[in-house]
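Reproduced below: data-v8.pdb, with PDB, C-alpha atoms and all ligand atoms.
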```
ATOM      1  CA  MET A   1     -28.237  18.565   1.758
ATOM      2  CA  SER A   2     -26.953  15.004   1.329
ATOM      3  CA  GLY A   3     -23.441  13.909   2.243
ATOM      4  CA  LEU A   4     -20.904  12.275  -0.037
ATOM      5  CA  THR A   5     -20.403   8.543   0.408
ATOM      6  CA  ILE A   6     -18.118   6.041  -1.222
ATOM      7  CA  ASP A   7     -20.222   3.290  -2.722
ATOM      8  CA  LEU A   8     -18.375   0.275  -4.109
ATOM      9  CA  THR A   9     -21.291  -2.091  -3.661
ATOM     10  CA  ASP A  10     -20.770  -5.437  -5.405
ATOM     11  CA  GLN A  11     -17.397  -4.464  -6.815
ATOM     12  CA  VAL A  12     -14.572  -6.945  -6.472
ATOM     13  CA  ALA A  13     -11.090  -5.971  -5.330
ATOM     14  CA  LEU A  14      -7.861  -7.952  -5.311
ATOM     15  CA  VAL A  15      -5.330  -6.840  -2.690
ATOM     16  CA  THR A  16      -1.823  -8.278  -2.693
ATOM     17  CA  GLY A  17      -0.430  -8.796   0.805
ATOM     18  CA  GLY A  18      -3.896  -8.192   2.207
ATOM     19  CA  GLY A  19      -3.403 -10.290   5.333
ATOM     20  CA  ALA A  20      -1.883  -7.586   7.526
ATOM     21  CA  GLY A  21      -0.639  -4.024   7.603
ATOM     22  CA  ILE A  22      -1.557  -1.552   4.882
ATOM     23  CA  GLY A  23      -3.012  -4.301   2.676
ATOM     24  CA  GLN A  24      -5.389  -5.260   5.476
ATOM     25  CA  GLY A  25      -6.310  -1.595   5.923
ATOM     26  CA  CYS A  26      -7.134  -1.447   2.198
ATOM     27  CA  ALA A  27      -9.184  -4.665   2.275
ATOM     28  CA  ILE A  28     -11.245  -3.447   5.241
ATOM     29  CA  ALA A  29     -11.821   0.034   3.833
ATOM     30  CA  LEU A  30     -12.936  -1.373   0.480
ATOM     31  CA  ALA A  31     -15.261  -3.828   2.254
ATOM     32  CA  ARG A  32     -16.697  -0.985   4.354
ATOM     33  CA  CYS A  33     -17.635   0.642   1.041
ATOM     34  CA  GLY A  34     -19.340  -2.519  -0.203
ATOM     35  CA  ALA A  35     -16.642  -4.398  -2.128
ATOM     36  CA  ASP A  36     -15.823  -8.100  -1.903
ATOM     37  CA  VAL A  37     -12.132  -8.845  -1.665
ATOM     38  CA  VAL A  38      -9.610 -11.409  -2.874
ATOM     39  CA  LEU A  39      -6.550 -11.567  -0.643
ATOM     40  CA  ALA A  40      -3.418 -12.566  -2.585
ATOM     41  CA  GLU A  41      -1.438 -13.294   0.552
ATOM     42  CA  ILE A  42       1.425 -15.593   1.517
ATOM     43  CA  ASP A  43       0.443 -16.194   5.160
ATOM     44  CA  PRO A  44      -2.794 -18.192   5.626
ATOM     45  CA  GLU A  45      -3.207 -17.225   9.283
ATOM     46  CA  ARG A  46      -2.950 -13.538   8.506
ATOM     47  CA  ALA A  47      -5.326 -13.978   5.574
ATOM     48  CA  ALA A  48      -7.827 -15.642   7.915
ATOM     49  CA  GLN A  49      -7.669 -12.607  10.201
ATOM     50  CA  THR A  50      -8.519 -10.274   7.318
ATOM     51  CA  VAL A  51     -11.232 -12.610   6.003
ATOM     52  CA  ALA A  52     -12.925 -12.322   9.413
ATOM     53  CA  LEU A  53     -12.579  -8.528   9.486
ATOM     54  CA  VAL A  54     -14.052  -8.228   5.986
ATOM     55  CA  ALA A  55     -16.907 -10.567   6.965
ATOM     56  CA  ALA A  56     -17.604  -8.280   9.933
ATOM     57  CA  GLN A  57     -18.332  -5.575   7.328
ATOM     58  CA  GLY A  58     -20.881  -7.874   5.700
ATOM     59  CA  ARG A  59     -18.696  -8.602   2.666
ATOM     60  CA  ARG A  60     -16.934 -11.716   1.442
ATOM     61  CA  ALA A  61     -13.175 -12.153   1.324
ATOM     62  CA  VAL A  62     -11.499 -15.066  -0.414
ATOM     63  CA  PHE A  63      -7.949 -16.150   0.331
ATOM     64  CA  ALA A  64      -5.793 -16.944  -2.716
ATOM     65  CA  ALA A  65      -2.552 -18.405  -1.359
ATOM     66  CA  THR A  66       0.054 -16.362  -3.216
ATOM     67  CA  ASP A  67       3.726 -15.624  -3.000
ATOM     68  CA  VAL A  68       3.936 -12.472  -5.107
ATOM     69  CA  MET A  69       7.576 -13.335  -5.868
ATOM     70  CA  ASP A  70       6.192 -16.074  -8.127
ATOM     71  CA  THR A  71       4.438 -14.534 -11.120
ATOM     72  CA  ASP A  72       2.526 -17.765 -11.858
ATOM     73  CA  GLN A  73       0.995 -17.576  -8.394
ATOM     74  CA  VAL A  74       0.094 -13.925  -8.958
ATOM     75  CA  ARG A  75      -1.667 -14.838 -12.194
ATOM     76  CA  ALA A  76      -3.447 -17.699 -10.402
ATOM     77  CA  ALA A  77      -4.793 -15.237  -7.810
ATOM     78  CA  VAL A  78      -6.387 -13.195 -10.594
ATOM     79  CA  VAL A  79      -7.879 -16.377 -12.049
ATOM     80  CA  ALA A  80      -9.265 -17.159  -8.571
ATOM     81  CA  ALA A  81     -10.954 -13.736  -8.479
ATOM     82  CA  ASP A  82     -12.609 -14.467 -11.824
ATOM     83  CA  ARG A  83     -13.656 -17.948 -10.708
ATOM     84  CA  GLU A  84     -15.106 -16.785  -7.368
ATOM     85  CA  PHE A  85     -16.754 -13.554  -8.426
ATOM     86  CA  GLY A  86     -16.751 -13.455 -12.245
ATOM     87  CA  ARG A  87     -15.383  -9.908 -12.286
ATOM     88  CA  LEU A  88     -12.596  -7.678 -11.075
ATOM     89  CA  ASP A  89     -12.945  -3.936 -10.583
ATOM     90  CA  ILE A  90     -10.079  -2.988  -8.294
ATOM     91  CA  LEU A  91      -6.458  -4.062  -7.971
ATOM     92  CA  VAL A  92      -4.343  -2.876  -5.051
ATOM     93  CA  ASN A  93      -0.666  -3.666  -5.568
ATOM     94  CA  ASN A  94       0.402  -3.508  -1.944
ATOM     95  CA  ALA A  95       2.768  -6.407  -1.189
ATOM     96  CA  GLY A  96       6.346  -5.278  -0.980
ATOM     97  CA  GLY A  97       9.372  -5.674   1.173
ATOM     98  CA  VAL A  98      12.656  -4.193   2.232
ATOM     99  CA  ALA A  99      15.845  -5.108   4.048
ATOM    100  CA  GLY A 100      18.085  -2.238   5.102
ATOM    101  CA  LYS A 101      21.688  -2.397   3.898
ATOM    102  CA  ARG A 102      24.174  -0.035   2.291
ATOM    103  CA  PHE A 103      24.114  -0.582  -1.448
ATOM    104  CA  LEU A 104      27.808  -1.575  -1.540
ATOM    105  CA  ASP A 105      27.111  -4.351   0.968
ATOM    106  CA  GLN A 106      24.041  -5.607  -0.843
ATOM    107  CA  SER A 107      24.321  -8.761  -2.942
ATOM    108  CA  GLU A 108      22.960  -9.151  -6.447
ATOM    109  CA  ARG A 109      20.557 -11.738  -5.041
ATOM    110  CA  SER A 110      19.228  -9.089  -2.666
ATOM    111  CA  TRP A 111      18.773  -6.485  -5.464
ATOM    112  CA  ARG A 112      16.871  -9.003  -7.485
ATOM    113  CA  ARG A 113      14.649 -10.000  -4.556
ATOM    114  CA  HIS A 114      13.802  -6.350  -3.935
ATOM    115  CA  ILE A 115      12.920  -5.868  -7.586
ATOM    116  CA  ASP A 116      10.852  -9.065  -7.666
ATOM    117  CA  ILE A 117       8.770  -8.349  -4.582
ATOM    118  CA  ASN A 118       8.300  -4.626  -5.090
ATOM    119  CA  LEU A 119       8.200  -4.210  -8.841
ATOM    120  CA  VAL A 120       7.787  -7.441 -10.780
ATOM    121  CA  SER A 121       4.901  -8.461  -8.504
ATOM    122  CA  MET A 122       3.087  -5.242  -9.435
ATOM    123  CA  LEU A 123       3.748  -5.776 -13.148
ATOM    124  CA  ALA A 124       2.509  -9.379 -13.017
ATOM    125  CA  ALA A 125      -0.666  -8.587 -11.081
ATOM    126  CA  THR A 126      -1.483  -5.592 -13.258
ATOM    127  CA  HIS A 127      -0.807  -7.486 -16.489
ATOM    128  CA  ALA A 128      -3.095 -10.308 -15.378
ATOM    129  CA  ALA A 129      -5.845  -8.102 -13.915
ATOM    130  CA  LEU A 130      -6.314  -5.549 -16.690
ATOM    131  CA  PRO A 131      -7.810  -7.948 -19.274
ATOM    132  CA  LEU A 132     -10.404  -8.976 -16.694
ATOM    133  CA  MET A 133     -11.310  -5.339 -15.996
ATOM    134  CA  ILE A 134     -11.446  -4.576 -19.715
ATOM    135  CA  ARG A 135     -13.628  -7.634 -20.342
ATOM    136  CA  GLY A 136     -16.061  -6.383 -17.678
ATOM    137  CA  GLY A 137     -16.510  -3.154 -19.634
ATOM    138  CA  ARG A 138     -17.172  -1.157 -16.463
ATOM    139  CA  GLY A 139     -13.781   0.511 -16.103
ATOM    140  CA  GLY A 140     -11.817  -0.082 -12.947
ATOM    141  CA  SER A 141      -9.066   1.149 -10.673
ATOM    142  CA  VAL A 142      -5.505   0.116 -10.043
ATOM    143  CA  VAL A 143      -3.833   1.549  -6.955
ATOM    144  CA  ASN A 144      -0.147   0.988  -6.324
ATOM    145  CA  VAL A 145       1.291   1.297  -2.841
ATOM    146  CA  ALA A 146       4.585   3.099  -3.291
ATOM    147  CA  SER A 147       6.299   5.007  -0.479
ATOM    148  CA  ILE A 148       7.609   8.408   0.489
ATOM    149  CA  GLU A 149      10.975   6.868  -0.440
ATOM    150  CA  ALA A 150       9.925   7.056  -4.105
ATOM    151  CA  ALA A 151      10.633  10.776  -4.082
ATOM    152  CA  ARG A 152      13.647  11.213  -1.825
ATOM    153  CA  ALA A 153      17.003   9.636  -1.067
ATOM    154  CA  ALA A 154      16.775   6.603   1.196
ATOM    155  CA  PRO A 155      20.158   5.584   2.640
ATOM    156  CA  MET A 156      20.247   1.818   3.351
ATOM    157  CA  TYR A 157      17.253   1.344   1.063
ATOM    158  CA  ALA A 158      18.575   2.337  -2.374
ATOM    159  CA  VAL A 159      17.075  -0.513  -4.400
ATOM    160  CA  TYR A 160      13.770  -0.417  -2.528
ATOM    161  CA  ALA A 161      13.498   3.328  -3.156
ATOM    162  CA  ALA A 162      14.372   2.854  -6.833
ATOM    163  CA  CYS A 163      11.569   0.283  -7.130
ATOM    164  CA  LYS A 164       9.086   2.629  -5.471
ATOM    165  CA  ALA A 165      10.122   5.457  -7.799
ATOM    166  CA  ALA A 166       9.580   3.092 -10.717
ATOM    167  CA  MET A 167       6.081   2.327  -9.424
ATOM    168  CA  VAL A 168       5.247   6.028  -9.481
ATOM    169  CA  ASN A 169       6.390   6.432 -13.067
ATOM    170  CA  PHE A 170       4.735   3.190 -14.178
ATOM    171  CA  THR A 171       1.510   4.535 -12.691
ATOM    172  CA  LYS A 172       1.681   7.619 -14.923
ATOM    173  CA  THR A 173       2.324   5.721 -18.139
ATOM    174  CA  LEU A 174      -0.232   3.025 -17.478
ATOM    175  CA  ALA A 175      -2.851   5.651 -16.649
ATOM    176  CA  LEU A 176      -2.516   6.885 -20.232
ATOM    177  CA  GLU A 177      -2.453   3.449 -21.826
ATOM    178  CA  VAL A 178      -5.678   2.211 -20.199
ATOM    179  CA  SER A 179      -7.622   5.470 -20.017
ATOM    180  CA  GLU A 180      -9.669   4.505 -23.067
ATOM    181  CA  HIS A 181     -11.137   1.638 -21.035
ATOM    182  CA  GLY A 182     -12.210   3.901 -18.190
ATOM    183  CA  ILE A 183      -9.569   2.326 -15.980
ATOM    184  CA  ARG A 184      -7.786   4.718 -13.645
ATOM    185  CA  VAL A 185      -4.327   4.067 -12.243
ATOM    186  CA  ASN A 186      -3.055   5.861  -9.165
ATOM    187  CA  CYS A 187      -0.582   5.486  -6.362
ATOM    188  CA  ILE A 188      -0.331   6.219  -2.677
ATOM    189  CA  ALA A 189       2.959   7.114  -1.031
ATOM    190  CA  PRO A 190       2.836   6.359   2.686
ATOM    191  CA  ASP A 191       5.426   7.344   5.235
ATOM    192  CA  LEU A 192       5.672   5.696   8.662
ATOM    193  CA  THR A 193       2.530   3.640   9.096
ATOM    194  CA  ALA A 194       2.133   1.367  12.096
ATOM    195  CA  THR A 195       2.192  -2.156  10.659
ATOM    196  CA  PRO A 196       3.558  -5.552  11.709
ATOM    197  CA  GLY A 197       6.208  -5.174   9.015
ATOM    198  CA  LEU A 198       7.453  -1.918  10.499
ATOM    199  CA  HIS A 199       7.830  -3.700  13.850
ATOM    200  CA  GLY A 200       9.624  -6.667  12.274
ATOM    201  CA  MET A 201       6.748  -8.991  13.190
ATOM    202  CA  THR A 202       5.826 -12.169  11.341
ATOM    203  CA  GLY A 203       2.834 -14.493  11.702
ATOM    204  CA  PRO A 204      -0.646 -13.656  12.929
ATOM    205  CA  VAL A 205      -1.037 -10.283  14.583
ATOM    206  CA  PRO A 206      -1.794 -10.740  18.318
ATOM    207  CA  ALA A 207      -5.143  -9.521  19.633
ATOM    208  CA  SER A 208      -3.195  -7.060  21.788
ATOM    209  CA  GLY A 209      -2.093  -5.312  18.592
ATOM    210  CA  LEU A 210       1.304  -3.812  17.785
ATOM    211  CA  PRO A 211       3.902  -3.006  20.446
ATOM    212  CA  GLN A 212       3.891   0.506  21.938
ATOM    213  CA  ARG A 213       6.684   2.813  20.829
ATOM    214  CA  SER A 214       8.973   4.189  23.530
ATOM    215  CA  THR A 215       8.365   7.801  24.550
ATOM    216  CA  GLU A 216      11.708   8.760  23.029
ATOM    217  CA  ILE A 217      10.757   7.318  19.632
ATOM    218  CA  GLN A 218       7.323   8.926  19.783
ATOM    219  CA  GLN A 219       8.934  12.290  20.462
ATOM    220  CA  GLY A 220      11.287  11.782  17.504
ATOM    221  CA  ILE A 221       8.344  10.932  15.267
ATOM    222  CA  ALA A 222       6.481  14.019  16.499
ATOM    223  CA  ARG A 223       9.403  16.216  15.436
ATOM    224  CA  TYR A 224       9.802  14.656  12.027
ATOM    225  CA  ILE A 225       6.188  14.187  10.912
ATOM    226  CA  PRO A 226       4.223  17.463  10.730
ATOM    227  CA  LEU A 227       1.003  15.869  11.981
ATOM    228  CA  GLY A 228       3.036  14.584  14.915
ATOM    229  CA  ARG A 229       2.397  10.844  14.788
ATOM    230  CA  GLU A 230       2.693   7.646  12.771
ATOM    231  CA  GLY A 231      -0.105   6.829  10.367
ATOM    232  CA  VAL A 232      -2.469   3.925  10.854
ATOM    233  CA  ILE A 233      -3.493   1.382   8.246
ATOM    234  CA  ASP A 234      -7.062   2.704   7.980
ATOM    235  CA  GLU A 235      -5.692   6.040   6.791
ATOM    236  CA  CYS A 236      -4.039   4.346   3.814
ATOM    237  CA  GLY A 237      -7.124   2.195   3.204
ATOM    238  CA  GLU A 238      -9.447   5.182   3.152
ATOM    239  CA  VAL A 239      -7.352   7.038   0.570
ATOM    240  CA  VAL A 240      -7.246   3.869  -1.528
ATOM    241  CA  ALA A 241     -11.049   3.545  -1.271
ATOM    242  CA  PHE A 242     -11.372   7.166  -2.416
ATOM    243  CA  LEU A 243      -9.068   6.476  -5.377
ATOM    244  CA  CYS A 244     -11.220   3.469  -6.355
ATOM    245  CA  SER A 245     -14.487   5.362  -6.083
ATOM    246  CA  PRO A 246     -16.540   7.650  -8.295
ATOM    247  CA  LEU A 247     -15.484  10.502  -5.988
ATOM    248  CA  SER A 248     -12.125  10.441  -7.791
ATOM    249  CA  SER A 249     -13.550   9.798 -11.264
ATOM    250  CA  TYR A 250     -11.377  12.555 -12.821
ATOM    251  CA  VAL A 251      -8.163  11.527 -11.042
ATOM    252  CA  THR A 252      -5.658   9.288 -12.781
ATOM    253  CA  GLY A 253      -1.891   8.943 -13.002
ATOM    254  CA  VAL A 254      -1.247  10.632  -9.659
ATOM    255  CA  THR A 255       0.531   9.732  -6.448
ATOM    256  CA  ILE A 256      -1.086  10.877  -3.207
ATOM    257  CA  PRO A 257       1.215  11.145  -0.210
ATOM    258  CA  VAL A 258      -0.322   9.566   2.906
ATOM    259  CA  ASP A 259       2.420  10.773   5.159
ATOM    260  CA  GLY A 260       1.215  13.294   7.728
ATOM    261  CA  GLY A 261       2.912  16.040   5.714
ATOM    262  CA  THR A 262       6.457  14.660   5.701
ATOM    263  CA  ALA A 263       7.023  14.952   1.963
ATOM    264  CA  SER A 264       5.932  18.581   2.027
ATOM    265  CA  ALA A 265       8.185  19.279   5.009
ATOM    266  CA  GLY A 266      11.201  18.509   2.787
ATOM    267  CA  GLY A 267      13.718  18.492   5.645
ATOM    268  CA  TRP A 268      12.031  20.861   8.102
ATOM    269  CA  VAL A 269      11.649  19.329  11.561
ATOM    270  CA  ARG A 270       9.946  20.573  14.691
ATOM    271  CA  SER A 271      12.472  22.033  17.115
ATOM    272  CA  ALA A 272      12.825  20.025  20.327
ATOM    273  CA  ASP A 273      13.283  23.296  22.269
ATOM    274  CA  SER A 274      10.914  25.886  20.864
ATOM    275  CA  GLY A 275       8.379  23.665  19.098
ATOM    276  CA  GLY A 276       8.929  25.843  15.995
ATOM    277  CA  TRP A 277      10.360  24.570  12.711
ATOM    278  CA  ASP A 278      14.040  24.315  11.778
ATOM    279  CA  PHE A 279      16.354  22.069   9.773
ATOM    280  CA  GLY A 280      17.409  20.042  12.800
ATOM    281  CA  VAL A 281      20.377  22.339  13.472
ATOM    282  CA  GLY A 282      18.653  24.872  15.692
ATOM    283  CA  GLU A 283      18.204  28.572  14.929
ATOM    284  CA  LEU A 284      20.244  29.636  11.880
ATOM    285  CA  SER A 285      19.682  33.359  12.272
ATOM    286  CA  PRO A 286      20.599  35.392  15.373
TER     287      PRO A 286
HETATM  288  N1  LIG A 301       4.483   0.519   6.919
HETATM  289  C1  LIG A 301       5.079   1.587   6.417
HETATM  290  O1  LIG A 301       5.534   2.489   7.154
HETATM  291  C2  LIG A 301       5.214   1.748   4.920
HETATM  292  C3  LIG A 301       5.663   2.984   4.436
HETATM  293  C4  LIG A 301       5.770   3.162   3.057
HETATM  294  C5  LIG A 301       5.413   2.142   2.203
HETATM  295  N2  LIG A 301       4.996   0.949   2.696
HETATM  296  C6  LIG A 301       4.639  -0.091   1.718
HETATM  297  O2  LIG A 301       3.378  -0.623   2.046
HETATM  298  C7  LIG A 301       3.311  -1.983   1.637
HETATM  299  C8  LIG A 301       2.855  -2.825   2.807
HETATM  300  O3  LIG A 301       3.759  -2.648   3.876
HETATM  301  P1  LIG A 301       3.357  -3.041   5.374
HETATM  302  O4  LIG A 301       4.188  -2.213   6.268
HETATM  303  O5  LIG A 301       1.881  -3.043   5.520
HETATM  304  O6  LIG A 301       3.898  -4.553   5.438
HETATM  305  P2  LIG A 301       3.565  -5.730   6.457
HETATM  306  O7  LIG A 301       4.789  -6.580   6.489
HETATM  307  O8  LIG A 301       3.041  -5.200   7.750
HETATM  308  O9  LIG A 301       2.391  -6.528   5.745
HETATM  309  C9  LIG A 301       2.637  -7.086   4.481
HETATM  310  C10 LIG A 301       1.654  -8.179   4.166
HETATM  311  O10 LIG A 301       2.084  -8.782   2.946
HETATM  312  C11 LIG A 301       2.270 -10.176   3.136
HETATM  313  N3  LIG A 301       3.380 -10.628   2.305
HETATM  314  C12 LIG A 301       4.702 -10.505   2.568
HETATM  315  N4  LIG A 301       5.413 -11.071   1.583
HETATM  316  C13 LIG A 301       4.538 -11.548   0.687
HETATM  317  C14 LIG A 301       4.670 -12.233  -0.536
HETATM  318  N5  LIG A 301       5.869 -12.576  -1.022
HETATM  319  N6  LIG A 301       3.557 -12.581  -1.199
HETATM  320  C15 LIG A 301       2.326 -12.263  -0.708
HETATM  321  N7  LIG A 301       2.133 -11.626   0.449
HETATM  322  C16 LIG A 301       3.238 -11.258   1.134
HETATM  323  C17 LIG A 301       2.553 -10.333   4.619
HETATM  324  O11 LIG A 301       2.282 -11.658   5.091
HETATM  325  C18 LIG A 301       1.633  -9.282   5.217
HETATM  326  O12 LIG A 301       0.336  -9.773   5.396
HETATM  327  C19 LIG A 301       4.705  -2.343   1.115
HETATM  328  O13 LIG A 301       4.701  -2.238  -0.287
HETATM  329  C20 LIG A 301       5.582  -1.270   1.721
HETATM  330  O14 LIG A 301       6.727  -1.015   0.937
HETATM  331  C21 LIG A 301       4.889   0.731   4.032
END
```

Would it be possible to restate this file's structure as structure tokens?
Amino acid sequence: MSGLTIDLTDQVALVTGGGAGIGQGCAIALARCGADVVLAEIDPERAAQTVALVAAQGRRAVFAATDVMDTDQVRAAVVAADREFGRLDILVNNAGGVAGKRFLDQSERSWRRHIDINLVSMLAATHAALPLMIRGGRGGSVVNVASIEAARAAPMYAVYAACKAAMVNFTKTLALEVSEHGIRVNCIAPDLTATPGLHGMTGPVPASGLPQRSTEIQQGIARYIPLGREGVIDECGEVVAFLCSPLSSYVTGVTIPVDGGTASAGGWVRSADSGGWDFGVGELSP
């Protein structure tokens, strides 16, 4: 009996924001499966870190200096993929950003920045990448990195959550529009995933890794996330690799939660006292 493997040998992937965090996890997972990678990333030092990690998998990564807020730069990154590799099979729309603020306190400039980085960047990259995939005639995969916030209320993050919800719906429609080309379009919806962004870090990620969470925070996370811990970037990358592979050849237009079960929990939390499940208000029945 032979096992199932994900083989993306000689495919080319473009990952936005691939220098760190979930984008890095995607770049490494795709490289582990045999793909070469273009990193459309704003931070050259972070990109260099991912280039080295991809090289350690025996694949090539190319840095395309890109601010995804600038659609011309996004288009130029796709052109760079074509120039370097002559093909494009996979697009991972990962770069995004958020600043927490009540909607009434948020400026119009801030709404527009959220929409540009989370939504317009995805539209620009997808619009530029699809003709290259279609030209290749081998199909392809687009994976959008949404969020658990796409499907629930997100106080302090209203515009971000609206953008992520839009990504999910865009994924469905686009899946239909490009199905005739054998191109599949899917989404992942992570919840808490340990990344530099989640820790408010900028610049290259230190060799020591991300800071440790306090015991109190870890206990809170263990109550709220059914699997009892934060996710790690590889866990997003591996689902993305699956979605780009022949193993998911009949899967398109869907959003896969990568959230340790939080979306399914729908408000249930683990009781601090009994370890059972409640709504955070203790036992409701006598
Ligand atoms: N980490 C989480 O818990 C979590 C949960 C749900 C969804 N997400 C989503 O995952 C995606 C990645 O988040 P993350 O936590 O890995 O972020 P991160 O900040 O850790 O990493 C983001 C990467 O994108 C790069 N980047 C930032 N702005 C850019 C720009 N304008 N142009 C190009 N590159 C840029 C950064 O330099 C960095 O390398 C985002 O879309 C985010 O909304 C994250």

>> Can you spell out as a ChimeraX atom specification the set of residues that the PyMOL selection byres (((not hetatm)) within 6 of (chain A and resi 301)) selects in the structure I just provided?
In response: /A:17-23,41-43,46,66-69,94-97,145-147,190-198

>> What's the separation between CA of Cys26 in chain A and CA of Glu235 in chain A, in Å to one decimal place?
In response: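 Computed distance, CA of Cys26 in chain A to CA of Glu235 in chain A, equals 8.9 Å.
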
>> Could you check the closest approach to Val78 in chain A for each of A:Val239, A:Ala99, A:Val15, A:Ala48 and tell me which residue wins, using all atoms listed in the file?
In response: A:Val15

>> Residues within 8 Å of (15.9, 26.0, 11.2), file coordinates, counting all atoms listed in the file: what are they? Give the list as a count of residues only.
In response: 11

>> Here's the selection I'm unsure about, the PyMOL selection byres (((chain A and resi 180-186) around 7) and not hetatm); applied to the file above, which residues does it give, as a list in words?
In response: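 That selection, the PyMOL selection byres (((chain A and resi 180-186) around 7) and not hetatm), comes back as Ile134, Gly139, Gly140, Ser141, Val142, Val143, Asn144, Thr171, Leu174, Ala175, Val178, Ser179, Cys187, Thr252, Gly253, Val254 and Thr255 of chain A.
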
>> Would you compute the distance between CA of Met122 in chain A and CA of Glu84 in chain A? Give it in Å to one decimal.
In response: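 CA of Glu84 in chain A lies 21.6 Å from CA of Met122 in chain A.
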
> Can you list, as a ChimeraX atom specification, every protein, DNA or RNA residue that comes within 7 Å of Ala29 in chain A when you count only C-alpha atoms, leaving out same-chain residues fewer than 6 positions away?
Replying inline: /A:234,237-238,241

>> Can you translate the PyMOL selection byres (((chain A and resi 34) around 8) and not hetatm) into the concrete residues it hits in this file, as a PyMOL selection string?
In response: chain A and resi 7-11+30-33+35-36+59

> How many Å separate CA of Phe242 in chain A from CA of Leu91 in chain A?
Replying inline: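 For CA of Phe242 in chain A relative to CA of Leu91 in chain A, the distance reads 13.5 Å.
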
> Taking only C-alpha atoms into account, which of A:Ala207, A:Val258, A:Val159, A:Ile221 comes nearest Arg102 in chain A?
Replying inline: A:Val159

>> Using all atoms listed in the file, which protein or nucleic acid residues come within 10 Å of range 105-107 of chain A? Drop anything in the same chain fewer than 3 positions from it, and give the result as a ChimeraX atom specification.
In response: /A:99-102,110-113,156-159

Write to file, as a PDB file, in the frame of the given file, the residues of the selection just made, with C-alpha atoms.
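Dumped to selection.pdb:
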```pdb
ATOM      1  CA  ALA A  99      15.845  -5.108   4.048  1.00  0.00           C
ATOM      2  CA  GLY A 100      18.085  -2.238   5.102  1.00  0.00           C
ATOM      3  CA  LYS A 101      21.688  -2.397   3.898  1.00  0.00           C
ATOM      4  CA  ARG A 102      24.174  -0.035   2.291  1.00  0.00           C
ATOM      5  CA  SER A 110      19.228  -9.089  -2.666  1.00  0.00           C
ATOM      6  CA  TRP A 111      18.773  -6.485  -5.464  1.00  0.00           C
ATOM      7  CA  ARG A 112      16.871  -9.003  -7.485  1.00  0.00           C
ATOM      8  CA  ARG A 113      14.649 -10.000  -4.556  1.00  0.00           C
ATOM      9  CA  MET A 156      20.247   1.818   3.351  1.00  0.00           C
ATOM     10  CA  TYR A 157      17.253   1.344   1.063  1.00  0.00           C
ATOM     11  CA  ALA A 158      18.575   2.337  -2.374  1.00  0.00           C
ATOM     12  CA  VAL A 159      17.075  -0.513  -4.400  1.00  0.00           C
TER      13      VAL A 159
END
```

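Comparing A:Val168, A:Ile148, A:Thr16, A:Ile28 by their smallest distance to Ala56 in chain A, the closest is A:Ile28 (using only C-alpha atoms).
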
> Between A:Val79, A:Leu210, A:Ala27, A:Val92, which one has atoms that come closest to Ala55 in chain A, using all atoms listed in the file?
Replying inline: A:Ala27

> Of the candidates A:Cys163, A:Leu227, A:Ala154, A:Leu247, which one gets nearest to Ala265 in chain A if we count all atoms listed in the file?
Replying inline: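 Selected residue with least distance to Ala265 in chain A: A:Leu227.
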
> Which residue gives the smallest distance to Ala128 in chain A among A:Gln73, A:Asn169, A:Thr5, A:Gln57, with only C-alpha atoms counted?
Replying inline: A:Gln73

Test item: residues at most 8 Å from Val62 in chain A, all atoms listed in the file, excluding those fewer than 3 positions along its chain, as a PDB file with C-alpha atoms, in the frame of the given file:
```pdb
ATOM      1  CA  VAL A  37     -12.132  -8.845  -1.665  1.00  0.00           C
ATOM      2  CA  VAL A  38      -9.610 -11.409  -2.874  1.00  0.00           C
ATOM      3  CA  LEU A  39      -6.550 -11.567  -0.643  1.00  0.00           C
ATOM      4  CA  VAL A  51     -11.232 -12.610   6.003  1.00  0.00           C
TER       5      VAL A  51
END
```
